[in-house]
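Novice: Quick one: this structure, given as structure tokens, is what I'll be asking you about.
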Amino acid sequence: MVDSLATQIAHDVAKAIELVGIAIIALGAIVNLAIFARSALARSADALATLRSNFGRSILLGLEFLIAADIINTVAVEPTLQSVIVLGAIVLIRTFLSFSLELEIDGRWPWQRKDGERRKR
């Protein structure tokens, strides 16, 4: 009884975290499109670059939440080899997307930053 309750709670928490991740990506798209429209109307030269950068950051943050939800979901049930392999594949794909977005935003790989240098936000 306690195990099934804990499993159900973990699934509910994972669903809530998934919804937060989806909301971050969706709201990021809407807000960044509004910012882009305002910048484009003002004929800002870097409107598109700003859109890509800010939207990329929204996607990165949303992906972090989605990965966390996948991990919770997989750990909540009794892990089988198949569920662990699926989780590994999901994490690999999302990690590749994260690195690709980092490259798109900053113009270099995350490990190419100099010591003490922070990403401009």
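We label chains A, B, ... in the order they appear in the structure tokens, count residues from 1 in each chain, and number ligands from 1 in the order shown.
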Do you know which residues are at most 12 Å from Leu5 in chain A counting only C-alpha atoms, after dropping those on the same chain fewer than 5 positions away, and could you put them as a PyMOL selection string?
Specialist: chain A and resi 10-12+76-77
Novice: Which residue is closest to Ala34 in chain A? Choose from A:Leu51, A:Val20, A:Ile9, A:Ile93 and count only C-alpha atoms.
Specialist: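 With only C-alpha atoms as the atom set, the closest residue is A:Leu51.
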Novice: Can you measure CA of Asn32 in chain A to CA of Thr50 in chain A for me? One decimal in Å is fine.
Specialist: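 Interatomic distance, CA of Asn32 in chain A to CA of Thr50 in chain A: 8.6 Å.
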Novice: Report as a ChimeraX atom specification all protein, DNA and RNA residues lying within 8 Å of Gly56 in chain A, evaluated on only C-alpha atoms, omitting residues in the same chain fewer than 4 positions from it.
Specialist: /A:52,60,101-102,104-105
Novice: When you count only C-alpha atoms, which of these residues is closest to Leu19 in chain A: A:Leu97, A:Arg57, A:Gly62, A:Ser83?
Specialist: A:Gly62
Novice: From the set A:Thr74, A:Ser58, A:Gln82, A:Gln112, which residue has the shortest atom-to-atom contact distance to Ala23 in chain A, counting only C-alpha atoms?
Specialist: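 Of A:Thr74, A:Ser58, A:Gln82, A:Gln112, the one nearest Ala23 in chain A is A:Ser58, counting only C-alpha atoms.
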Novice: Which residue out of A:Leu33, A:Ala69, A:Ala26, A:Leu103 has the minimum interatomic distance to Val91 in chain A when only C-alpha atoms are used?
Specialist: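 Closest residue, counting only C-alpha atoms: A:Ala69.
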Novice: Between A:Ala49, A:Ile22, A:Ile17, A:Val75, single out the one closest to Gly107 in chain A, counting only C-alpha atoms.
Specialist: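 Closest to Gly107 in chain A of all the choices is A:Ala49.
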Novice: Could you please determine the separation between CA of Ile35 in chain A and CA of Ile59 in chain A in Å, to one decimal place?
Specialist: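 Going from CA of Ile35 in chain A over to CA of Ile59 in chain A, I get 16.2 Å.
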Novice: Run DSSP on the backbone and grab whatever in chain A lands in alpha helix (DSSP H); send it over as number ranges by chain.
Specialist: A: 2-41, 47-76, 81-106
